[in-house]
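File shown: final11.cif (mmCIF, C-alpha atoms).
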```cif
data_my_file
#
loop_
_atom_site.label_atom_id
_atom_site.label_comp_id
_atom_site.auth_asym_id
_atom_site.auth_seq_id
_atom_site.Cartn_x
_atom_site.Cartn_y
_atom_site.Cartn_z
CA ARG N 1 0.00 0.00 0.00
CA ASP N 2 0.99 3.61 -0.51
CA LEU N 3 2.55 4.67 2.80
CA HIS N 4 1.66 8.28 2.06
CA SER N 5 -2.03 7.38 2.43
CA PHE N 6 -1.59 6.81 6.16
CA PRO N 7 -2.23 9.78 8.45
CA THR N 8 0.87 11.35 9.95
CA ARG N 9 1.06 11.44 13.72
CA ARG N 10 3.50 13.67 15.58
CA SER N 11 5.65 12.28 18.36
CA SER N 12 3.92 14.69 20.76
CA ASP N 13 0.55 13.15 19.82
CA LEU N 14 1.90 9.74 20.78
CA GLY N 15 3.40 10.98 24.02
CA TRP N 16 6.92 10.35 22.80
CA PRO N 17 9.63 12.71 24.15
CA ILE N 18 11.64 14.92 21.85
CA GLY N 19 14.42 14.62 24.40
CA THR N 20 14.97 12.75 27.65
CA GLY N 21 15.81 15.73 29.86
CA ALA N 22 13.77 17.27 32.63
CA TYR N 23 11.79 19.52 30.26
CA LYS N 24 9.33 18.80 27.47
CA LEU N 25 8.52 21.03 24.53
CA VAL N 26 4.93 22.23 24.76
CA SER N 27 4.84 25.03 22.20
CA SER N 28 6.95 26.28 19.31
CA ASP N 29 6.40 29.07 16.78
CA ALA N 30 8.30 31.94 15.20
CA HIS N 31 8.02 34.02 18.37
CA GLN N 32 9.02 31.59 21.11
CA GLN N 33 9.59 28.03 22.27
CA ILE N 34 8.16 26.92 25.60
CA TYR N 35 9.46 24.00 27.65
CA ASP N 36 7.68 22.83 30.79
CA ILE N 37 9.03 20.71 33.61
CA ARG N 38 8.36 17.01 33.19
CA ALA N 39 6.93 16.06 36.59
CA ASP N 40 7.50 12.36 35.93
CA TRP N 41 11.07 12.85 34.72
CA TRP N 42 12.98 9.60 35.01
CA GLY N 43 16.04 11.33 36.55
CA ALA N 44 14.07 12.47 39.58
CA SER N 45 12.06 9.26 39.96
CA THR N 46 15.24 7.16 40.00
CA GLY N 47 17.09 9.48 42.36
CA PHE N 48 19.65 10.47 39.72
CA MET N 49 19.00 14.22 40.10
CA PRO N 50 16.23 16.29 41.64
CA LEU N 51 13.89 18.24 39.40
CA PRO N 52 15.19 21.70 38.45
CA ALA N 53 13.70 24.72 40.20
CA PRO N 54 12.47 26.53 37.05
CA LYS N 55 9.06 25.16 36.08
CA ARG N 56 9.09 26.67 32.59
CA VAL N 57 11.82 27.70 30.15
CA VAL N 58 10.89 30.18 27.41
CA LEU N 59 13.23 30.78 24.48
CA ILE N 60 12.70 33.98 22.51
CA PRO N 61 14.61 35.29 19.49
CA SER N 62 16.66 38.47 19.56
CA THR N 63 17.61 40.32 16.42
CA SER N 64 20.72 42.19 17.51
CA ASP N 65 23.15 43.03 20.28
CA GLN N 66 21.25 46.20 21.17
CA ALA N 67 17.90 44.41 21.15
CA THR N 68 19.28 41.78 23.53
CA ALA N 69 20.62 44.49 25.82
CA GLN N 70 17.18 46.08 26.02
CA LEU N 71 15.69 42.74 27.05
CA TYR N 72 18.28 42.47 29.84
CA LEU N 73 17.63 46.03 30.99
CA ALA N 74 13.88 45.41 31.14
CA ASN N 75 14.44 42.15 33.07
CA SER N 76 12.60 40.37 30.25
CA ILE N 77 15.28 37.68 29.99
CA ASP N 78 17.42 35.87 32.53
CA SER N 79 20.25 34.74 30.26
CA GLY N 80 20.96 34.06 26.62
CA ASN N 81 23.12 35.62 23.95
CA ALA N 82 26.32 37.27 25.09
CA LEU N 83 26.67 41.02 24.71
CA GLN N 84 29.45 42.94 23.05
CA ALA N 85 31.78 44.32 25.71
CA ASN N 86 30.84 47.97 25.16
CA THR N 87 27.15 47.07 25.28
CA PHE N 88 27.64 45.10 28.49
CA ASN N 89 29.52 47.97 30.12
CA ALA N 90 26.62 50.29 29.33
CA ALA N 91 24.03 47.74 30.48
CA ILE N 92 25.52 47.05 33.92
CA ALA N 93 25.56 50.79 34.60
CA LYS N 94 21.76 50.69 34.30
CA ASN N 95 21.07 47.23 35.70
CA PRO N 96 23.51 46.18 38.46
CA LYS N 97 21.85 42.76 38.63
CA LEU N 98 23.66 41.76 35.43
CA THR N 99 26.91 39.83 35.68
CA SER N 100 29.27 37.96 33.38
CA TRP N 101 31.82 35.18 33.87
CA ASN N 102 34.37 37.38 35.64
CA ALA N 103 33.33 39.68 38.48
CA GLN N 104 35.49 42.54 37.16
CA GLY N 105 36.34 43.83 33.70
CA PRO N 106 37.62 44.67 31.27
CA VAL N 107 38.06 40.95 30.52
CA TRP N 108 34.54 39.84 31.42
CA GLY N 109 34.15 36.66 29.42
CA ALA N 110 35.40 33.10 29.44
CA ALA N 111 37.35 31.43 26.64
CA ASP N 112 35.19 29.38 24.31
CA GLY N 113 37.91 27.61 22.34
CA CYS N 114 37.75 30.01 19.38
CA GLY N 115 39.66 32.96 18.01
CA TYR N 116 38.79 35.67 15.51
CA VAL N 117 40.60 34.97 12.26
CA MET N 118 41.25 36.62 8.91
CA THR N 119 40.76 33.82 6.41
CA PHE N 120 42.49 34.20 3.05
CA ASN N 121 41.28 32.46 -0.08
CA ASN N 122 44.61 30.77 -0.79
CA MET N 123 43.56 29.81 -4.32
CA LYS N 124 42.75 33.35 -5.44
CA ASP N 125 45.39 35.90 -6.45
CA PRO N 126 47.01 37.81 -4.86
CA TRP N 127 46.31 35.86 -1.66
CA THR N 128 48.25 32.95 -3.16
CA ASN N 129 51.39 35.01 -2.47
CA VAL N 130 52.81 34.36 0.98
CA ASP N 131 54.58 37.74 1.05
CA VAL N 132 51.29 39.57 0.55
CA ARG N 133 49.70 37.62 3.39
CA VAL N 134 52.65 38.23 5.72
CA ALA N 135 52.69 41.93 4.80
CA ILE N 136 49.02 42.26 5.74
CA ASN N 137 49.79 40.61 9.07
CA TYR N 138 52.42 43.24 9.89
CA ALA N 139 49.97 46.01 9.00
CA LEU N 140 47.60 44.92 11.76
CA ASP N 141 47.56 46.16 15.33
CA ARG N 142 45.90 43.39 17.31
CA GLN N 143 45.99 45.25 20.61
CA GLN N 144 44.16 48.15 19.04
CA LEU N 145 41.52 45.74 17.72
CA ALA N 146 41.05 44.46 21.27
CA THR N 147 41.06 47.90 22.90
CA LEU N 148 38.87 49.80 20.47
CA GLY N 149 36.72 46.99 19.11
CA TYR N 150 36.13 45.07 22.31
CA ALA N 151 36.88 47.51 25.15
CA GLY N 152 39.91 45.47 26.16
CA SER N 153 37.73 42.44 26.89
CA ASN N 154 39.84 39.98 24.91
CA HIS N 155 43.48 39.68 23.93
CA PRO N 156 45.68 39.25 20.84
CA THR N 157 46.77 35.87 19.54
CA VAL N 158 48.79 34.64 16.56
CA ALA N 159 48.28 30.87 16.86
CA PRO N 160 44.90 29.08 16.67
CA PHE N 161 45.12 27.75 20.21
CA SER N 162 42.63 28.32 22.99
CA SER N 163 43.79 29.38 26.43
CA TYR N 164 42.26 26.09 27.59
CA MET N 165 45.38 24.32 26.32
CA ALA N 166 47.98 27.08 26.25
CA ALA N 167 49.54 26.52 29.67
CA ARG N 168 50.16 22.84 28.96
CA TRP N 169 51.18 22.98 25.33
CA LEU N 170 53.05 26.21 24.65
CA PRO N 171 56.11 25.13 26.70
CA THR N 172 56.57 22.04 24.47
CA GLY N 173 58.26 24.19 21.82
CA LEU N 174 55.24 25.98 20.39
CA GLN N 175 55.96 29.24 22.24
CA ALA N 176 59.53 29.20 20.93
CA VAL N 177 58.20 29.07 17.36
CA ILE N 178 55.80 31.94 18.07
CA ASP N 179 58.64 34.00 19.53
CA THR N 180 60.93 33.24 16.59
CA TYR N 181 58.54 34.63 14.00
CA GLY N 182 57.33 37.63 16.00
CA ARG N 183 54.11 37.89 14.01
CA ASP N 184 52.32 39.66 16.85
CA LYS N 185 53.73 43.12 16.11
CA THR N 186 52.84 46.02 13.82
CA ASP N 187 55.84 46.74 11.60
CA LEU N 188 55.51 48.95 8.50
CA THR N 189 59.12 48.23 7.56
CA MET N 190 58.26 44.54 7.30
CA VAL N 191 55.14 45.44 5.30
CA ALA N 192 57.30 47.27 2.76
CA GLN N 193 59.88 44.49 2.65
CA HIS N 194 57.34 41.76 1.90
CA MET N 195 55.29 43.83 -0.55
CA THR N 196 58.46 44.73 -2.46
CA THR N 197 59.43 41.06 -2.58
CA ALA N 198 55.95 40.32 -3.94
CA GLY N 199 56.57 42.80 -6.76
CA TYR N 200 54.52 45.74 -5.50
CA ALA N 201 55.43 49.40 -5.19
CA LYS N 202 53.48 52.36 -3.85
CA ASP N 203 51.69 54.46 -6.44
CA ALA N 204 51.13 58.23 -6.48
CA ASN N 205 48.40 57.81 -3.86
CA GLY N 206 50.68 55.90 -1.51
CA LEU N 207 48.88 52.61 -2.19
CA TRP N 208 50.46 49.27 -3.09
CA ALA N 209 50.16 48.56 -6.79
CA LYS N 210 51.59 46.29 -9.49
CA GLY N 211 51.40 46.70 -13.26
CA GLY N 212 49.42 49.90 -12.88
CA GLN N 213 46.73 48.17 -10.81
CA THR N 214 46.13 49.13 -7.20
CA LEU N 215 45.85 46.12 -4.90
CA LYS N 216 42.30 45.93 -3.56
CA VAL N 217 41.79 44.32 -0.14
CA PRO N 218 38.06 43.53 0.25
CA ILE N 219 37.15 42.13 3.68
CA THR N 220 33.83 40.46 4.46
CA VAL N 221 32.69 40.52 8.10
CA PRO N 222 29.68 38.75 9.67
CA GLN N 223 27.35 40.67 11.95
CA PHE N 224 28.55 38.96 15.11
CA LEU N 225 32.08 40.25 14.46
CA ALA N 226 30.94 43.74 13.47
CA PRO N 227 33.32 45.61 15.86
CA LEU N 228 36.22 44.56 13.63
CA ALA N 229 34.68 45.91 10.44
CA PRO N 230 35.56 49.62 10.79
CA LEU N 231 38.97 49.03 12.34
CA LEU N 232 40.66 46.65 9.91
CA PRO N 233 40.49 48.91 6.82
CA VAL N 234 41.82 51.88 8.80
CA GLN N 235 44.84 49.88 9.96
CA LEU N 236 45.51 48.49 6.49
CA LYS N 237 45.19 51.88 4.79
CA LYS N 238 47.86 53.27 7.11
CA ALA N 239 50.16 50.60 5.68
CA GLY N 240 49.31 51.42 2.06
CA PHE N 241 46.57 48.88 1.36
CA ASP N 242 43.40 49.95 -0.45
CA ALA N 243 41.20 48.07 2.03
CA THR N 244 37.44 48.05 2.50
CA SER N 245 35.09 46.03 4.72
CA THR N 246 31.51 44.91 4.31
CA ILE N 247 29.24 43.55 7.03
CA ASP N 248 27.28 40.74 5.42
CA THR N 249 24.19 39.55 7.27
CA SER N 250 22.89 37.37 4.44
CA SER N 251 23.29 33.66 3.79
CA ALA N 252 25.69 34.62 1.00
CA TYR N 253 28.34 35.21 3.65
CA SER N 254 28.87 31.53 4.45
CA ASP N 255 28.08 30.41 0.89
CA ASN N 256 30.83 32.62 -0.52
CA LEU N 257 33.32 31.46 2.10
CA LEU N 258 32.58 27.78 1.43
CA SER N 259 32.58 28.10 -2.36
CA GLY N 260 35.66 30.31 -2.54
CA LYS N 261 33.97 33.35 -4.08
CA SER N 262 35.20 35.68 -1.33
CA ASP N 263 38.71 37.10 -1.03
CA ILE N 264 39.26 37.71 2.69
CA THR N 265 36.72 36.71 5.29
CA ILE N 266 36.67 37.42 9.01
CA PHE N 267 35.44 34.39 10.91
CA VAL N 268 36.29 32.23 13.92
CA HIS N 269 38.76 29.39 14.14
CA CYS N 270 37.71 26.98 16.87
CA GLY N 271 38.75 23.60 18.14
CA SER N 272 41.99 23.40 20.11
CA LEU N 273 40.57 22.88 23.56
CA SER N 274 42.92 20.07 24.54
CA GLU N 275 45.66 19.73 21.91
CA PRO N 276 47.12 21.64 18.93
CA TYR N 277 46.01 19.09 16.32
CA GLU N 278 42.38 20.12 16.61
CA THR N 279 42.88 23.44 14.83
CA LEU N 280 46.10 22.85 12.91
CA ASN N 281 44.28 20.00 11.17
CA ASP N 282 41.90 22.52 9.56
CA LEU N 283 44.72 23.69 7.27
CA HIS N 284 45.31 20.17 5.86
CA SER N 285 45.09 19.92 2.08
CA LYS N 286 42.36 17.28 2.35
CA TYR N 287 39.88 20.06 3.16
CA SER N 288 40.81 22.17 0.15
CA ARG N 289 38.50 22.29 -2.85
CA PRO N 290 38.70 24.09 -6.22
CA ILE N 291 37.02 27.48 -6.29
CA GLY N 292 33.34 26.88 -6.94
CA THR N 293 33.25 23.59 -5.04
CA PRO N 294 32.22 24.01 -1.37
CA THR N 295 34.70 23.06 1.31
CA PRO N 296 33.51 20.57 4.00
CA ASN N 297 33.11 23.24 6.66
CA SER N 298 33.56 26.97 7.04
CA ILE N 299 36.38 26.78 9.59
CA ALA N 300 38.48 24.75 7.15
CA SER N 301 38.00 27.07 4.16
CA THR N 302 41.43 28.59 3.59
CA ARG N 303 41.99 26.38 0.51
CA TYR N 304 45.60 26.11 1.63
CA VAL N 305 47.55 23.25 0.00
CA ASN N 306 50.97 22.24 1.32
CA PRO N 307 52.14 18.59 1.29
CA GLU N 308 55.00 19.47 3.67
CA TYR N 309 52.47 20.73 6.21
CA ASP N 310 50.21 17.73 5.65
CA LYS N 311 52.95 15.31 6.69
CA PHE N 312 53.11 16.81 10.18
CA ILE N 313 49.33 16.73 10.55
CA ASP N 314 49.21 13.10 9.41
CA ILE N 315 51.72 12.18 12.13
CA MET N 316 49.69 13.97 14.81
CA GLU N 317 46.46 12.34 13.66
CA LYS N 318 47.76 8.82 14.27
CA ILE N 319 49.16 9.12 17.79
CA PRO N 320 47.88 10.36 21.17
CA GLY N 321 48.19 14.09 21.66
CA THR N 322 50.12 14.28 24.92
CA VAL N 323 52.78 16.74 26.01
CA ASP N 324 55.23 13.93 26.84
CA ASN N 325 55.01 12.34 23.38
CA LYS N 326 58.00 13.81 21.57
CA VAL N 327 56.97 12.50 18.18
CA TYR N 328 53.67 14.34 18.54
CA THR N 329 55.14 17.56 19.95
CA ASP N 330 57.85 17.68 17.27
CA ALA N 331 55.16 17.34 14.60
CA ALA N 332 53.10 20.09 16.26
CA VAL N 333 56.12 22.38 16.31
CA GLY N 334 56.83 21.59 12.66
CA ALA N 335 53.25 22.33 11.63
CA LEU N 336 53.11 25.58 13.59
CA ASP N 337 56.43 26.67 12.06
CA ILE N 338 54.95 26.32 8.55
CA TYR N 339 51.67 27.91 9.67
CA LEU N 340 53.46 31.05 10.90
CA ARG N 341 55.88 31.06 7.97
CA ASP N 342 53.13 30.92 5.33
CA MET N 343 50.26 32.58 7.23
CA PRO N 344 47.38 31.02 5.22
CA GLU N 345 45.18 32.74 7.79
CA ILE N 346 45.83 35.45 10.38
CA MET N 347 44.65 34.92 13.92
CA LEU N 348 43.60 38.19 15.52
CA LEU N 349 42.06 37.85 18.99
CA GLU N 350 40.98 35.06 21.27
CA GLU N 351 37.21 34.99 21.56
CA LEU N 352 36.02 35.71 25.10
CA TRP N 353 32.24 36.08 24.93
CA VAL N 354 30.72 38.38 27.52
CA THR N 355 28.14 35.84 28.60
CA THR N 356 25.45 37.67 30.54
CA PHE N 357 23.34 36.57 33.50
CA ASN N 358 20.51 38.39 35.21
CA HIS N 359 20.28 37.89 38.99
CA THR N 360 16.96 39.70 39.38
CA TYR N 361 14.93 36.50 39.63
CA TRP N 362 17.47 33.66 39.66
CA THR N 363 20.79 33.02 41.34
CA GLY N 364 23.43 30.31 40.94
CA TRP N 365 24.61 31.20 37.46
CA PRO N 366 28.05 29.86 36.44
CA SER N 367 31.03 32.15 36.95
CA ALA N 368 34.79 32.11 37.35
CA ALA N 369 34.18 31.78 41.09
CA ASP N 370 31.83 28.82 40.53
CA PRO N 371 32.85 27.29 37.18
CA TYR N 372 30.60 24.24 37.23
CA VAL N 373 30.03 24.52 33.46
CA ALA N 374 31.42 26.50 30.55
CA PRO N 375 28.93 29.37 30.32
CA TYR N 376 27.70 28.97 26.77
CA PRO N 377 24.02 28.32 26.00
CA CYS N 378 24.90 26.50 22.79
CA TRP N 379 27.06 23.95 24.65
CA GLU N 380 25.57 20.71 25.95
CA ALA N 381 26.52 21.38 29.56
CA TRP N 382 24.08 24.31 29.69
CA ASN N 383 21.51 21.71 30.72
CA LEU N 384 23.22 21.63 34.12
CA VAL N 385 22.55 25.33 34.64
CA MET N 386 18.83 24.59 34.87
CA HIS N 387 19.58 22.15 37.68
CA LYS N 388 21.78 24.65 39.51
CA ILE N 389 19.93 27.98 39.52
CA LYS N 390 17.50 28.82 42.30
CA PRO N 391 14.89 31.56 42.69
CA VAL N 392 16.04 34.71 44.43
CA SER N 393 14.60 34.91 47.94
CA SER N 394 11.93 37.57 48.22
#
```
Please rewrite the model in this file as structure tokens.
Amino acid sequence: RDLHSFPTRRSSDLGWPIGTGAYKLVSSDAHQQIYDIRADWWGASTGFMPLPAPKRVVLIPSTSDQATAQLYLANSIDSGNALQANTFNAAIAKNPKLTSWNAQGPVWGAADGCGYVMTFNNMKDPWTNVDVRVAINYALDRQQLATLGYAGSNHPTVAPFSSYMAARWLPTGLQAVIDTYGRDKTDLTMVAQHMTTAGYAKDANGLWAKGGQTLKVPITVPQFLAPLAPLLPVQLKKAGFDATSTIDTSSAYSDNLLSGKSDITIFVHCGSLSEPYETLNDLHSKYSRPIGTPTPNSIASTRYVNPEYDKFIDIMEKIPGTVDNKVYTDAAVGALDIYLRDMPEIMLLEELWVTTFNHTYWTGWPSAADPYVAPYPCWEAWNLVMHKIKPVSS
């Protein structure tokens, strides 16, 4: 028989759970999702965990950083999207019940295993030229990006490693490589040296050009990294680059990054929570695709191809990533050396989201003083927050 002739029944009609946690979905539309406590939750009935204190969880969308801030100020939300640092600073002046991960600024947020990165399309000229990429690196002032763009709430970085792993791994030889290259400084002399090597000279307008053509540096920035958009072109122009930035809020942003239509894209590079392989692997040639063919994922979209680099990654992939494994650490050092030599991407700042919690109605939110979970709503451990928070005593 034609299976399509049978009536469709939703799992909720049958009493089946969408998940097995302490809450059940009772309503969902474009405006909100509502989850109610499951009184017969198996975890409570078996003694695994008591029922959470909140009886209902309501998820509502927010269109922007400023819109989210207004919800916090009106005590319309308890937690949710992080705020930009400048927005948070303004919000806590009006609502002292708001807190973040750290009790004091300017570094409010916790590391989330990501860093802000300038991703080159390594298959598109002139970004195929290592000297052009290195020159752009020396035109950047990472500390200024942190200070002006993020109110000093995060810090510069040149390697795609989270602070989760830095203390253990940098002493294995990785820090020595970072120090050797010195890519963390602004140096206009080095800009000129590398651009000259690449065959460029400054034109009558003081801009880098070759063959009568001024080098254009178009930078695409997503909305969630908007504070970088006005700063990067200003820094690059000071070094002679005809740079522009565009904030792209459309789906074309990720499509162009994946397909290789874009030139330079600002994004995040995430992964190295426990070992260097997790992010260095994203530069392996196996993830590269011809322009027009989408790469497997947006983080691995540099289209960088280097068999020499691949050999080090292949070694790391096959053995445990431990600091006392010299074969592994030597391979990590070798890969990082090529990474900083060729600069197929430029790490800018470590991402430290200013996660925001409202203590008006609930207390027990995670913090640096009580770090029972990483404070990110999109991470699985957020479920534990519902079991931890308690209503504020009246």
Q | Given only C-alpha atoms as the counted atoms, nearest of N:Pro222, N:Pro233, N:Gly21, N:Pro344 to N:Trp127 | A | N:Pro344
Q.
Give me, as a list of chain:residue names, all polymer residues having an atom no more than 12 Å from N:Asn383, counting only C-alpha atoms and skipping those fewer than 6 positions away in the same chain.
A. N:Gly19, N:Thr20, N:Gly21, N:Ala22, N:Tyr23, N:Pro52, N:Val57, N:Pro366, N:Tyr372, N:Val373, N:Ala374, N:Pro375, N:Tyr376, N:Pro377, N:Ile389
Keeping only C-alpha atoms, take the residues you just selected and write them out as an mmCIF file, in the frame of the given file.
```
data_model
loop_
_atom_site.group_PDB
_atom_site.id
_atom_site.type_symbol
_atom_site.label_atom_id
_atom_site.label_comp_id
_atom_site.auth_asym_id
_atom_site.auth_seq_id
_atom_site.Cartn_x
_atom_site.Cartn_y
_atom_site.Cartn_z
ATOM 1 C CA GLY N 19 14.420 14.620 24.400
ATOM 2 C CA THR N 20 14.970 12.750 27.650
ATOM 3 C CA GLY N 21 15.810 15.730 29.860
ATOM 4 C CA ALA N 22 13.770 17.270 32.630
ATOM 5 C CA TYR N 23 11.790 19.520 30.260
ATOM 6 C CA PRO N 52 15.190 21.700 38.450
ATOM 7 C CA VAL N 57 11.820 27.700 30.150
ATOM 8 C CA PRO N 366 28.050 29.860 36.440
ATOM 9 C CA TYR N 372 30.600 24.240 37.230
ATOM 10 C CA VAL N 373 30.030 24.520 33.460
ATOM 11 C CA ALA N 374 31.420 26.500 30.550
ATOM 12 C CA PRO N 375 28.930 29.370 30.320
ATOM 13 C CA TYR N 376 27.700 28.970 26.770
ATOM 14 C CA PRO N 377 24.020 28.320 26.000
ATOM 15 C CA ILE N 389 19.930 27.980 39.520
#
```
Q: Give as an MDAnalysis selection string the residues that the PyMOL selection byres ((chain N and resi 54) around 10) matches when applied to the coordinates above.
A: chainID N and resid 23 36:37 51:53 55:57 362 386:391
(Q) List as a ChimeraX atom specification the protein and nucleic acid residues near N:Ala74, meaning an atom at most 12 Å away when all atoms listed in the file are counted, but skip any in the same chain fewer than 2 places from it. (A) /N:67-72,76-78,91,94-95,97-98,358,360
Resulting file, chosen residues, C-alpha atoms, as an mmCIF file, in the frame of the given file:
```cif
data_model
loop_
_atom_site.group_PDB
_atom_site.id
_atom_site.type_symbol
_atom_site.label_atom_id
_atom_site.label_comp_id
_atom_site.auth_asym_id
_atom_site.auth_seq_id
_atom_site.Cartn_x
_atom_site.Cartn_y
_atom_site.Cartn_z
ATOM 1 C CA ALA N 67 17.900 44.410 21.150
ATOM 2 C CA THR N 68 19.280 41.780 23.530
ATOM 3 C CA ALA N 69 20.620 44.490 25.820
ATOM 4 C CA GLN N 70 17.180 46.080 26.020
ATOM 5 C CA LEU N 71 15.690 42.740 27.050
ATOM 6 C CA TYR N 72 18.280 42.470 29.840
ATOM 7 C CA SER N 76 12.600 40.370 30.250
ATOM 8 C CA ILE N 77 15.280 37.680 29.990
ATOM 9 C CA ASP N 78 17.420 35.870 32.530
ATOM 10 C CA ALA N 91 24.030 47.740 30.480
ATOM 11 C CA LYS N 94 21.760 50.690 34.300
ATOM 12 C CA ASN N 95 21.070 47.230 35.700
ATOM 13 C CA LYS N 97 21.850 42.760 38.630
ATOM 14 C CA LEU N 98 23.660 41.760 35.430
ATOM 15 C CA ASN N 358 20.510 38.390 35.210
ATOM 16 C CA THR N 360 16.960 39.700 39.380
#
```
Q: Any chance you could resolve the PyMOL selection byres ((chain N and resi 269) around 6) against this file and give the residues as a list in words?
A: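 This file gives the following for the PyMOL selection byres ((chain N and resi 269) around 6): Cys114, Gly115, Val268, Cys270 and Ile299 of chain N.
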Q) So which residues get picked by the PyMOL selection byres ((chain N and resi 263) around 10) here, written as a list in words? A)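 With the shown file as input, the PyMOL selection byres ((chain N and resi 263) around 10) matches Thr119, Phe120, Asn121, Asn122, Met123, Lys124, Asp125, Pro126, Trp127, Lys216, Val217, Pro218, Ile219, Thr220, Asn256, Leu257, Gly260, Lys261, Ser262, Ile264 and Thr265 of chain N.
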(Q) Can you pull out the residues contacting N:Met343? Cut-off 8 Å, using all atoms listed in the file, and skip same-chain residues under 6 positions away; I want them as JSON, numbers by chain. (A) {"N": [130, 133, 134]}
(Q) Measuring between only C-alpha atoms, which one of N:Asp324, N:Asp131, N:Asp184, N:Asp179 shows the shortest distance to N:Gly199? (A)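 Among N:Asp324, N:Asp131, N:Asp184, N:Asp179, it is N:Asp131 that comes nearest to N:Gly199.
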Using the file's own x, y and z axes, what box holds all listed atoms of stretch 130-134 of chain N with 8 Å on each side, keeping edges along x, y and z, and what are its centre and edge lengths in Å to one decimal, as JSON?
```
{"center_x": 52.1, "center_y": 37.0, "center_z": 3.1, "size_x": 20.9, "size_y": 21.2, "size_z": 21.2}
```
(Q) Which residues are near stretch 287-294 of chain N? Cut-off 6 Å, all atoms listed in the file, ignore same chain within fewer than 5 positions. Put them as a PyMOL selection string. (A) chain N and resi 258-260+303
Q | Among listed residues N:Gln66, N:Glu275, N:Val305, N:Ala369, nearest N:Thr172 (using only C-alpha atoms) | A | N:Glu275
Q.
Measuring between all atoms listed in the file, which one of N:Pro296, N:Gly47, N:Gly149, N:Gly182 shows the shortest distance to N:Pro230?
A.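 Comparing N:Pro296, N:Gly47, N:Gly149, N:Gly182 against N:Pro230, the winner is N:Gly149.
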**Q.** Shell of 10 Å around N:Ile136, only C-alpha atoms, local chain residues under 4 positions omitted, as a list in words
**A.** Val130, Asp131, Val132, Leu140, Thr186, Leu188, Met190, Val191, His194, Met195, Val217, Gln235, Leu236, Ala239, Gly240, Phe241, Met343 and Ile346 of chain N
Next, the residues of the selection above should be written as a PDB file, in the frame of the given file with C-alpha atoms.
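Everything below was put into again15.pdb:
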```pdb
ATOM      1  CA  VAL N 130      52.810  34.360   0.980  1.00  0.00           C
ATOM      2  CA  ASP N 131      54.580  37.740   1.050  1.00  0.00           C
ATOM      3  CA  VAL N 132      51.290  39.570   0.550  1.00  0.00           C
ATOM      4  CA  LEU N 140      47.600  44.920  11.760  1.00  0.00           C
ATOM      5  CA  THR N 186      52.840  46.020  13.820  1.00  0.00           C
ATOM      6  CA  LEU N 188      55.510  48.950   8.500  1.00  0.00           C
ATOM      7  CA  MET N 190      58.260  44.540   7.300  1.00  0.00           C
ATOM      8  CA  VAL N 191      55.140  45.440   5.300  1.00  0.00           C
ATOM      9  CA  HIS N 194      57.340  41.760   1.900  1.00  0.00           C
ATOM     10  CA  MET N 195      55.290  43.830  -0.550  1.00  0.00           C
ATOM     11  CA  VAL N 217      41.790  44.320  -0.140  1.00  0.00           C
ATOM     12  CA  GLN N 235      44.840  49.880   9.960  1.00  0.00           C
ATOM     13  CA  LEU N 236      45.510  48.490   6.490  1.00  0.00           C
ATOM     14  CA  ALA N 239      50.160  50.600   5.680  1.00  0.00           C
ATOM     15  CA  GLY N 240      49.310  51.420   2.060  1.00  0.00           C
ATOM     16  CA  PHE N 241      46.570  48.880   1.360  1.00  0.00           C
ATOM     17  CA  MET N 343      50.260  32.580   7.230  1.00  0.00           C
ATOM     18  CA  ILE N 346      45.830  35.450  10.380  1.00  0.00           C
TER      19      ILE N 346
END
```
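Between atom CA of N:Leu228 and atom CA of N:Tyr138 the interatomic distance comes to 16.7 Å.
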Q.
Here is a test: counting only C-alpha atoms, which residue of N:Val221, N:Leu83, N:Ile313, N:Ala166 is nearest to N:Ser274?
A. N:Ala166
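You can rank N:Glu380, N:Glu351, N:Asp330, N:Asp248 by their closest distance to N:Gln84 using only C-alpha atoms, and at the top of that list sits N:Glu351.
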